[in-house]
file input-v4.pdb (PDB, C-alpha atoms, pLDDT in the B column)
ATOM      1  CA  MET A   3      52.465 165.830 130.307  1.00 71.00           C
ATOM      2  CA  ASP A   4      54.966 166.424 133.126  1.00 85.00           C
ATOM      3  CA  THR A   5      56.336 162.882 133.343  1.00 90.00           C
ATOM      4  CA  THR A   6      59.833 162.624 134.793  1.00 96.00           C
ATOM      5  CA  ARG A   7      62.465 159.882 134.813  1.00 97.00           C
ATOM      6  CA  ALA A   8      61.569 159.168 138.438  1.00 97.00           C
ATOM      7  CA  ASP A   9      57.938 158.651 137.375  1.00 95.00           C
ATOM      8  CA  VAL A  10      59.033 156.148 134.729  1.00 97.00           C
ATOM      9  CA  VAL A  11      61.010 154.103 137.269  1.00 96.00           C
ATOM     10  CA  ARG A  12      58.105 154.203 139.717  1.00 95.00           C
ATOM     11  CA  MET A  13      55.581 153.137 137.066  1.00 94.00           C
ATOM     12  CA  ALA A  14      57.826 150.275 136.013  1.00 96.00           C
ATOM     13  CA  LYS A  15      58.038 148.938 139.565  1.00 95.00           C
ATOM     14  CA  GLU A  16      54.280 149.283 140.049  1.00 92.00           C
ATOM     15  CA  ALA A  17      53.531 147.560 136.725  1.00 93.00           C
ATOM     16  CA  VAL A  18      55.584 144.540 137.754  1.00 94.00           C
ATOM     17  CA  THR A  19      53.756 144.388 141.091  1.00 90.00           C
ATOM     18  CA  TRP A  20      50.313 144.706 139.473  1.00 88.00           C
ATOM     19  CA  GLY A  21      50.957 142.324 136.596  1.00 88.00           C
ATOM     20  CA  CYS A  22      50.464 144.867 133.831  1.00 92.00           C
ATOM     21  CA  ALA A  23      51.191 143.996 130.208  1.00 94.00           C
ATOM     22  CA  ALA A  24      53.298 147.076 129.475  1.00 96.00           C
ATOM     23  CA  VAL A  25      54.350 150.535 130.599  1.00 97.00           C
ATOM     24  CA  CYS A  26      53.886 153.240 127.982  1.00 96.00           C
ATOM     25  CA  VAL A  27      55.868 156.491 128.294  1.00 97.00           C
ATOM     26  CA  PRO A  28      57.053 159.357 126.060  1.00 96.00           C
ATOM     27  CA  SER A  29      59.770 158.313 123.618  1.00 96.00           C
ATOM     28  CA  TYR A  30      62.247 160.613 125.389  1.00 97.00           C
ATOM     29  CA  PHE A  31      62.353 157.953 128.125  1.00 98.00           C
ATOM     30  CA  SER A  32      62.777 154.953 125.811  1.00 98.00           C
ATOM     31  CA  ARG A  33      66.132 153.919 127.233  1.00 98.00           C
ATOM     32  CA  ASP A  34      64.914 154.378 130.816  1.00 98.00           C
ATOM     33  CA  VAL A  35      61.729 152.315 130.463  1.00 98.00           C
ATOM     34  CA  ALA A  36      63.508 149.531 128.559  1.00 98.00           C
ATOM     35  CA  LEU A  37      66.187 149.285 131.250  1.00 98.00           C
ATOM     36  CA  ALA A  38      63.684 149.453 134.123  1.00 98.00           C
ATOM     37  CA  LEU A  39      61.601 146.596 132.695  1.00 98.00           C
ATOM     38  CA  GLN A  40      64.368 144.408 131.306  1.00 97.00           C
ATOM     39  CA  GLY A  41      63.791 140.778 132.291  1.00 97.00           C
ATOM     40  CA  THR A  42      60.562 141.491 134.216  1.00 98.00           C
ATOM     41  CA  GLY A  43      58.024 140.093 131.752  1.00 96.00           C
ATOM     42  CA  VAL A  44      56.372 143.514 131.498  1.00 97.00           C
ATOM     43  CA  SER A  45      56.856 145.086 128.072  1.00 98.00           C
ATOM     44  CA  SER A  46      58.374 148.519 127.539  1.00 98.00           C
ATOM     45  CA  CYS A  47      56.378 150.814 125.274  1.00 98.00           C
ATOM     46  CA  VAL A  48      56.682 154.375 123.994  1.00 98.00           C
ATOM     47  CA  THR A  49      54.395 156.723 122.112  1.00 97.00           C
ATOM     48  CA  ALA A  50      55.333 158.011 118.656  1.00 97.00           C
ATOM     49  CA  GLY A  51      53.930 161.092 116.973  1.00 96.00           C
ATOM     50  CA  TYR A  52      52.255 161.944 120.262  1.00 94.00           C
ATOM     51  CA  PRO A  53      49.826 163.515 120.886  1.00 90.00           C
ATOM     52  CA  MET A  54      48.294 164.451 117.500  1.00 90.00           C
ATOM     53  CA  GLY A  55      50.328 162.698 114.812  1.00 92.00           C
ATOM     54  CA  PHE A  56      51.404 165.992 113.235  1.00 93.00           C
ATOM     55  CA  SER A  57      55.034 164.990 112.645  1.00 93.00           C
ATOM     56  CA  GLU A  58      56.432 164.250 109.212  1.00 94.00           C
ATOM     57  CA  PHE A  59      56.547 160.553 108.474  1.00 96.00           C
ATOM     58  CA  GLU A  60      60.342 160.373 108.326  1.00 96.00           C
ATOM     59  CA  SER A  61      60.508 161.909 111.802  1.00 96.00           C
ATOM     60  CA  ILE A  62      58.258 159.153 113.135  1.00 97.00           C
ATOM     61  CA  TYR A  63      60.459 156.461 111.598  1.00 98.00           C
ATOM     62  CA  ILE A  64      63.514 157.939 113.318  1.00 97.00           C
ATOM     63  CA  GLU A  65      61.695 158.312 116.647  1.00 97.00           C
ATOM     64  CA  VAL A  66      60.483 154.722 116.509  1.00 98.00           C
ATOM     65  CA  GLU A  67      63.767 153.138 115.420  1.00 98.00           C
ATOM     66  CA  ARG A  68      65.728 154.969 118.107  1.00 98.00           C
ATOM     67  CA  ALA A  69      63.305 153.721 120.754  1.00 98.00           C
ATOM     68  CA  LEU A  70      63.478 150.155 119.462  1.00 98.00           C
ATOM     69  CA  SER A  71      67.270 150.289 119.347  1.00 98.00           C
ATOM     70  CA  HIS A  72      67.189 151.166 123.054  1.00 98.00           C
ATOM     71  CA  GLY A  73      65.298 147.947 123.746  1.00 98.00           C
ATOM     72  CA  VAL A  74      61.694 149.141 123.664  1.00 98.00           C
ATOM     73  CA  GLN A  75      59.309 146.352 122.668  1.00 98.00           C
ATOM     74  CA  GLU A  76      56.059 148.112 121.765  1.00 98.00           C
ATOM     75  CA  ILE A  77      55.118 151.325 119.964  1.00 98.00           C
ATOM     76  CA  ASP A  78      51.869 153.286 120.366  1.00 98.00           C
ATOM     77  CA  ALA A  79      51.866 155.383 117.174  1.00 98.00           C
ATOM     78  CA  VAL A  80      49.337 158.169 116.621  1.00 98.00           C
ATOM     79  CA  PHE A  81      47.676 157.853 113.223  1.00 98.00           C
ATOM     80  CA  PRO A  82      48.312 161.008 111.114  1.00 96.00           C
ATOM     81  CA  ILE A  83      44.769 162.331 111.107  1.00 93.00           C
ATOM     82  CA  SER A  84      45.617 165.657 109.462  1.00 94.00           C
ATOM     83  CA  ALA A  85      47.163 163.846 106.495  1.00 96.00           C
ATOM     84  CA  TRP A  86      44.153 161.543 106.410  1.00 94.00           C
ATOM     85  CA  LYS A  87      41.634 164.403 106.538  1.00 94.00           C
ATOM     86  CA  SER A  88      43.589 166.154 103.767  1.00 96.00           C
ATOM     87  CA  GLY A  89      42.938 163.209 101.476  1.00 95.00           C
ATOM     88  CA  ASP A  90      46.460 161.779 101.584  1.00 97.00           C
ATOM     89  CA  ILE A  91      45.109 158.262 102.015  1.00 96.00           C
ATOM     90  CA  LYS A  92      47.778 156.518  99.955  1.00 96.00           C
ATOM     91  CA  ALA A  93      50.513 158.356 101.858  1.00 97.00           C
ATOM     92  CA  CYS A  94      48.988 157.235 105.155  1.00 97.00           C
ATOM     93  CA  ASP A  95      48.815 153.678 103.859  1.00 97.00           C
ATOM     94  CA  ARG A  96      52.477 153.732 102.825  1.00 97.00           C
ATOM     95  CA  TRP A  97      53.449 155.245 106.172  1.00 97.00           C
ATOM     96  CA  LEU A  98      51.631 152.572 108.127  1.00 97.00           C
ATOM     97  CA  ARG A  99      53.105 149.720 106.105  1.00 97.00           C
ATOM     98  CA  GLU A 100      56.617 151.142 106.377  1.00 98.00           C
ATOM     99  CA  LEU A 101      56.242 151.737 110.104  1.00 98.00           C
ATOM    100  CA  PHE A 102      55.046 148.175 110.642  1.00 98.00           C
ATOM    101  CA  LYS A 103      57.935 146.797 108.589  1.00 97.00           C
ATOM    102  CA  ARG A 104      60.510 148.722 110.608  1.00 97.00           C
ATOM    103  CA  ILE A 105      58.980 147.663 113.919  1.00 98.00           C
ATOM    104  CA  GLN A 106      58.830 144.050 112.782  1.00 97.00           C
ATOM    105  CA  GLY A 107      62.549 144.292 112.052  1.00 97.00           C
ATOM    106  CA  PHE A 108      63.023 144.619 115.824  1.00 97.00           C
ATOM    107  CA  ASN A 109      60.365 141.962 116.623  1.00 97.00           C
ATOM    108  CA  GLY A 110      58.278 144.717 118.168  1.00 98.00           C
ATOM    109  CA  LYS A 111      54.526 145.288 118.390  1.00 98.00           C
ATOM    110  CA  LEU A 112      52.656 148.183 116.788  1.00 98.00           C
ATOM    111  CA  LYS A 113      49.578 149.718 118.367  1.00 98.00           C
ATOM    112  CA  VAL A 114      47.963 152.418 116.201  1.00 98.00           C
ATOM    113  CA  ILE A 115      46.054 155.167 117.980  1.00 98.00           C
ATOM    114  CA  LEU A 116      42.979 156.417 116.130  1.00 98.00           C
ATOM    115  CA  GLU A 117      41.750 159.551 117.922  1.00 97.00           C
ATOM    116  CA  THR A 118      38.188 158.397 117.389  1.00 97.00           C
ATOM    117  CA  GLY A 119      36.509 161.617 118.488  1.00 97.00           C
ATOM    118  CA  TYR A 120      37.657 163.233 115.224  1.00 96.00           C
ATOM    119  CA  TYR A 121      36.401 160.521 112.832  1.00 95.00           C
ATOM    120  CA  THR A 122      33.036 159.886 111.221  1.00 96.00           C
ATOM    121  CA  ASP A 123      31.929 156.255 111.282  1.00 96.00           C
ATOM    122  CA  ALA A 124      32.859 155.870 107.610  1.00 96.00           C
ATOM    123  CA  GLU A 125      36.308 157.399 108.172  1.00 95.00           C
ATOM    124  CA  LEU A 126      36.886 155.187 111.172  1.00 97.00           C
ATOM    125  CA  ARG A 127      36.006 152.055 109.252  1.00 98.00           C
ATOM    126  CA  ASP A 128      38.322 153.070 106.393  1.00 97.00           C
ATOM    127  CA  ALA A 129      41.179 153.819 108.827  1.00 97.00           C
ATOM    128  CA  CYS A 130      40.646 150.419 110.445  1.00 98.00           C
ATOM    129  CA  ASP A 131      40.873 148.822 107.000  1.00 98.00           C
ATOM    130  CA  LEU A 132      44.306 150.404 106.520  1.00 97.00           C
ATOM    131  CA  CYS A 133      45.376 149.055 109.903  1.00 98.00           C
ATOM    132  CA  ILE A 134      44.182 145.577 108.944  1.00 98.00           C
ATOM    133  CA  ASP A 135      45.992 145.643 105.608  1.00 97.00           C
ATOM    134  CA  SER A 136      49.263 146.787 107.174  1.00 96.00           C
ATOM    135  CA  GLY A 137      49.266 144.031 109.818  1.00 96.00           C
ATOM    136  CA  VAL A 138      49.182 146.119 113.018  1.00 98.00           C
ATOM    137  CA  HIS A 139      48.813 144.266 116.310  1.00 98.00           C
ATOM    138  CA  PHE A 140      46.422 146.657 118.102  1.00 98.00           C
ATOM    139  CA  VAL A 141      44.119 149.568 117.370  1.00 98.00           C
ATOM    140  CA  LYS A 142      43.694 151.993 120.255  1.00 98.00           C
ATOM    141  CA  ASN A 143      40.742 154.390 120.530  1.00 98.00           C
ATOM    142  CA  SER A 144      42.414 157.511 121.946  1.00 97.00           C
ATOM    143  CA  THR A 145      45.580 159.141 123.227  1.00 96.00           C
ATOM    144  CA  GLY A 146      43.582 160.309 126.234  1.00 92.00           C
ATOM    145  CA  MET A 147      44.048 163.873 124.965  1.00 92.00           C
ATOM    146  CA  GLY A 148      41.241 163.977 122.387  1.00 93.00           C
ATOM    147  CA  PRO A 149      37.536 164.844 122.653  1.00 95.00           C
ATOM    148  CA  ARG A 150      36.424 161.250 123.241  1.00 96.00           C
ATOM    149  CA  GLY A 151      37.833 158.753 125.676  1.00 96.00           C
ATOM    150  CA  ALA A 152      37.029 155.085 126.079  1.00 97.00           C
ATOM    151  CA  ASP A 153      33.374 154.061 126.197  1.00 97.00           C
ATOM    152  CA  VAL A 154      31.515 150.861 125.447  1.00 98.00           C
ATOM    153  CA  ASP A 155      30.101 152.135 122.156  1.00 98.00           C
ATOM    154  CA  ILE A 156      33.437 153.038 120.564  1.00 98.00           C
ATOM    155  CA  ILE A 157      35.124 149.825 121.716  1.00 98.00           C
ATOM    156  CA  GLN A 158      32.259 147.740 120.322  1.00 98.00           C
ATOM    157  CA  LYS A 159      32.503 149.683 117.060  1.00 98.00           C
ATOM    158  CA  LEU A 160      36.246 149.110 116.717  1.00 98.00           C
ATOM    159  CA  ARG A 161      35.816 145.449 117.577  1.00 98.00           C
ATOM    160  CA  SER A 162      33.176 145.090 114.848  1.00 98.00           C
ATOM    161  CA  TYR A 163      35.451 146.777 112.275  1.00 98.00           C
ATOM    162  CA  LEU A 164      38.510 144.664 113.051  1.00 98.00           C
ATOM    163  CA  PRO A 165      39.231 140.936 112.691  1.00 98.00           C
ATOM    164  CA  ASP A 166      40.187 138.866 115.710  1.00 97.00           C
ATOM    165  CA  ALA A 167      43.841 139.069 114.638  1.00 97.00           C
ATOM    166  CA  VAL A 168      43.866 142.800 115.466  1.00 98.00           C
ATOM    167  CA  ALA A 169      43.340 143.496 119.157  1.00 98.00           C
ATOM    168  CA  VAL A 170      41.629 146.576 120.610  1.00 98.00           C
ATOM    169  CA  LYS A 171      43.172 148.715 123.338  1.00 98.00           C
ATOM    170  CA  ALA A 172      40.857 150.989 125.323  1.00 97.00           C
ATOM    171  CA  SER A 173      42.256 154.265 126.611  1.00 97.00           C
ATOM    172  CA  GLY A 174      41.082 157.631 127.879  1.00 96.00           C
ATOM    173  CA  GLY A 175      39.434 158.386 131.208  1.00 94.00           C
ATOM    174  CA  ILE A 176      39.495 154.842 132.608  1.00 94.00           C
ATOM    175  CA  LYS A 177      39.506 155.256 136.375  1.00 91.00           C
ATOM    176  CA  SER A 178      37.803 152.221 137.909  1.00 90.00           C
ATOM    177  CA  ARG A 179      37.789 148.438 137.795  1.00 89.00           C
ATOM    178  CA  GLY A 180      34.092 148.395 136.890  1.00 90.00           C
ATOM    179  CA  GLN A 181      34.673 150.671 133.912  1.00 93.00           C
ATOM    180  CA  ALA A 182      37.606 148.556 132.761  1.00 93.00           C
ATOM    181  CA  LEU A 183      35.589 145.344 132.982  1.00 93.00           C
ATOM    182  CA  GLU A 184      32.796 146.897 130.891  1.00 97.00           C
ATOM    183  CA  LEU A 185      35.309 147.824 128.202  1.00 97.00           C
ATOM    184  CA  ILE A 186      36.817 144.339 128.241  1.00 96.00           C
ATOM    185  CA  ALA A 187      33.336 142.866 127.834  1.00 97.00           C
ATOM    186  CA  ALA A 188      32.835 145.237 124.879  1.00 98.00           C
ATOM    187  CA  GLY A 189      35.908 143.814 123.158  1.00 98.00           C
ATOM    188  CA  ALA A 190      39.028 145.474 124.573  1.00 98.00           C
ATOM    189  CA  SER A 191      42.037 143.204 125.050  1.00 96.00           C
ATOM    190  CA  ARG A 192      44.052 145.806 126.949  1.00 95.00           C
ATOM    191  CA  ILE A 193      43.306 148.779 129.146  1.00 94.00           C
ATOM    192  CA  GLY A 194      45.436 151.912 128.947  1.00 93.00           C
ATOM    193  CA  THR A 195      45.214 153.877 132.178  1.00 89.00           C
ATOM    194  CA  SER A 196      47.245 156.116 134.429  1.00 85.00           C
ATOM    195  CA  SER A 197      45.118 154.841 137.328  1.00 81.00           C
ATOM    196  CA  ALA A 198      46.251 151.213 137.417  1.00 79.00           C
ATOM    197  CA  SER A 199      46.328 151.228 141.217  1.00 75.00           C
ATOM    198  CA  GLU A 200      42.591 151.981 141.219  1.00 78.00           C
ATOM    199  CA  VAL A 201      41.776 149.579 138.403  1.00 79.00           C
ATOM    200  CA  ILE A 202      44.008 146.700 139.662  1.00 65.00           C
ATOM    201  CA  LEU A 203      43.251 144.119 137.032  1.00 50.00           C
ATOM    202  CA  ASN A 204      46.296 141.924 137.651  1.00 52.00           C
ATOM    203  CA  HIS A 205      45.524 139.948 134.511  1.00 58.00           C
ATOM    204  CA  GLY A 206      48.126 141.433 132.178  1.00 67.00           C
ATOM    205  CA  LEU A 207      45.573 143.785 130.622  1.00 70.00           C
ATOM    206  CA  CYS A 208      46.906 147.179 131.632  1.00 72.00           C
ATOM    207  CA  GLY A 209      49.343 148.776 129.206  1.00 75.00           C
TER     208      GLY A 209
END

call {"tool": "encode", "arguments": {"input": "input-v4.pdb", "output": "structure tokens"}}
result
Amino acid sequence: MDTTRADVVRMAKEAVTWGCAAVCVPSYFSRDVALALQGTGVSSCVTAGYPMGFSEFESIYIEVERALSHGVQEIDAVFPISAWKSGDIKACDRWLRELFKRIQGFNGKLKVILETGYYTDAELRDACDLCIDSGVHFVKNSTGMGPRGADVDIIQKLRSYLPDAVAVKASGGIKSRGQALELIAAGASRIGTSSASEVILNHGLCG
């Protein structure tokens, strides 16, 4: 929560050294992370609607397009769970499709964060269906701020709900290489962690 510009530069340098897939930072630092990773082969990524997805949809579009215009390549967008829980399913569907379309306009990737600790199994399956229909690239299990982090059960569940074309990113409380490898075996294609130096995958999976 107290990330600084110096932290972003440091994380970028470390990610290149460790062979991470991407560095994900708050959208305030979109220009900084894009510049720090330009030409390195490590993707720049920012969060949108972080941490709870409470923002109005138009605000998310603006946040995302500004980041992409600064050169950011990937977006981790928090699914609007309050709108979803309020029954605004069609609005969430339209939002997701529009967000994907705008990101595609910049040749970017969209990772949707479902804060899985707040969903029933039925709700989670339905939310995954929306993600599938909209064409998202990844579904991520947590912001790391919710009541449930990454565990084998939730990653297996997401993997079973999603086709192979939609990858799964595991995030939340991942602190060791052993834990990361268990999550990869469960179906995660990427590991989101602030402890990459402890995990040290060096296979392009962090981020």

call {"tool": "residues_around", "arguments": {"input": "input-v4.pdb", "residues": "Ala38 (chain A)", "least_positions_apart": "3", "cutoff": "8 Å", "atoms": "only C-alpha atoms", "output": "ChimeraX atom specification"}}
result
/A:11,14-15,34-35

call {"tool": "residues_near_point", "arguments": {"input": "input-v4.pdb", "point": "(48.0, 160.3, 118.4)", "cutoff": "8 Å", "atoms": "all atoms listed in the file", "output": "list in words"}}
result
Ala50, Gly51, Tyr52, Pro53, Met54, Gly55, Ala79, Val80, Phe81, Pro82, Ile115, Leu116, Glu117, Ser144 and Thr145 of chain A

call {"tool": "residues_around", "arguments": {"input": "input-v4.pdb", "residues": "region 133-140 of chain A", "least_positions_apart": "4", "cutoff": "9 Å", "atoms": "all atoms listed in the file", "output": "mmCIF file with C-alpha atoms, keeping the file's coordinate frame"}}
result
data_model
loop_
_atom_site.group_PDB
_atom_site.id
_atom_site.type_symbol
_atom_site.label_atom_id
_atom_site.label_comp_id
_atom_site.auth_asym_id
_atom_site.auth_seq_id
_atom_site.Cartn_x
_atom_site.Cartn_y
_atom_site.Cartn_z
ATOM 1 C CA ASP A 78 51.869 153.286 120.366
ATOM 2 C CA ASP A 95 48.815 153.678 103.859
ATOM 3 C CA ARG A 96 52.477 153.732 102.825
ATOM 4 C CA LEU A 98 51.631 152.572 108.127
ATOM 5 C CA ARG A 99 53.105 149.720 106.105
ATOM 6 C CA GLU A 100 56.617 151.142 106.377
ATOM 7 C CA PHE A 102 55.046 148.175 110.642
ATOM 8 C CA LYS A 103 57.935 146.797 108.589
ATOM 9 C CA LYS A 111 54.526 145.288 118.390
ATOM 10 C CA LEU A 112 52.656 148.183 116.788
ATOM 11 C CA LYS A 113 49.578 149.718 118.367
ATOM 12 C CA VAL A 114 47.963 152.418 116.201
ATOM 13 C CA ILE A 115 46.054 155.167 117.980
ATOM 14 C CA ASP A 128 38.322 153.070 106.393
ATOM 15 C CA ALA A 129 41.179 153.819 108.827
ATOM 16 C CA LEU A 164 38.510 144.664 113.051
ATOM 17 C CA PRO A 165 39.231 140.936 112.691
ATOM 18 C CA ALA A 167 43.841 139.069 114.638
ATOM 19 C CA VAL A 168 43.866 142.800 115.466
ATOM 20 C CA ALA A 169 43.340 143.496 119.157
ATOM 21 C CA VAL A 170 41.629 146.576 120.610
ATOM 22 C CA LYS A 171 43.172 148.715 123.338
ATOM 23 C CA SER A 191 42.037 143.204 125.050
#

call {"tool": "closest_residue", "arguments": {"input": "input-v4.pdb", "among": "A:Val44, A:Val201, A:Cys94, A:Leu101", "to": "Cys22 (chain A)", "atoms": "all atoms listed in the file"}}
result
A:Val44

call {"tool": "closest_residue", "arguments": {"input": "input-v4.pdb", "among": "A:Val27, A:Cys208, A:Leu126, A:Leu160", "to": "Ile176 (chain A)", "atoms": "all atoms listed in the file"}}
result
A:Cys208

call {"tool": "closest_residue", "arguments": {"input": "input-v4.pdb", "among": "A:Arg68, A:Ile193, A:Tyr120, A:Lys87", "to": "Phe108 (chain A)", "atoms": "all atoms listed in the file"}}
result
A:Arg68

call {"tool": "closest_residue", "arguments": {"input": "input-v4.pdb", "among": "A:Gly146, A:Gly89, A:Pro28, A:Gly43", "to": "Glu65 (chain A)", "atoms": "only C-alpha atoms"}}
result
A:Pro28

call {"tool": "resolve_selection", "arguments": {"input": "input-v4.pdb", "expression": "the PyMOL selection byres ((chain A and resi 24) around 9)", "output": "ChimeraX atom specification"}}
result
/A:14,17-18,21-23,25-26,39,43-47,76,206-209

call {"tool": "closest_residue", "arguments": {"input": "input-v4.pdb", "among": "A:Ile157, A:Ala36, A:Ala172, A:Val141", "to": "Val10 (chain A)", "atoms": "all atoms listed in the file"}}
result
A:Ala36

call {"tool": "resolve_selection", "arguments": {"input": "input-v4.pdb", "expression": "the PyMOL selection byres ((chain A and resi 178) around 9)", "output": "JSON, numbers by chain"}}
result
{"A": [176, 177, 179, 180, 181, 182, 183, 197, 198, 200, 201, 202]}

call {"tool": "atom_distance", "arguments": {"input": "input-v4.pdb", "atom1": "CA of Gly194 (chain A)", "atom2": "CA of Asp90 (chain A)"}}
result
29.1 Å

call {"tool": "resolve_selection", "arguments": {"input": "input-v4.pdb", "expression": "the PyMOL selection byres ((chain A and resi 149) around 6)", "output": "list in words"}}
result
Gly119, Gly148 and Arg150 of chain A

call {"tool": "residues_around", "arguments": {"input": "input-v4.pdb", "residues": "Ser29 (chain A)", "least_positions_apart": "6", "cutoff": "7 Å", "atoms": "all atoms listed in the file", "output": "list in words"}}
result
Val48, Thr49, Ala50 and Ala69 of chain A

call {"tool": "closest_residue", "arguments": {"input": "input-v4.pdb", "among": "A:Ser88, A:Gln40, A:Thr19, A:Ser57", "to": "Gln75 (chain A)", "atoms": "all atoms listed in the file"}}
result
A:Gln40

call {"tool": "axis_aligned_box", "arguments": {"input": "input-v4.pdb", "around": "region 115-127 of chain A", "padding_each_side": "5 Å", "output": "JSON"}}
result
{"center_x": 39.0, "center_y": 157.6, "center_z": 113.0, "size_x": 24.1, "size_y": 21.2, "size_z": 20.9}

call {"tool": "atom_distance", "arguments": {"input": "input-v4.pdb", "atom1": "CA of Asp9 (chain A)", "atom2": "CA of Leu37 (chain A)"}}
result
13.9 Å

call {"tool": "atom_distance", "arguments": {"input": "input-v4.pdb", "atom1": "CA of Ala93 (chain A)", "atom2": "CA of Glu125 (chain A)"}}
result
15.6 Å

call {"tool": "residues_around", "arguments": {"input": "input-v4.pdb", "residues": "Glu67 (chain A)", "least_positions_apart": "6", "cutoff": "10 Å", "atoms": "all atoms listed in the file", "output": "list of chain:residue names"}}
result
A:Gly73, A:Val74, A:Ile77, A:Leu101, A:Arg104, A:Ile105, A:Gly107, A:Phe108
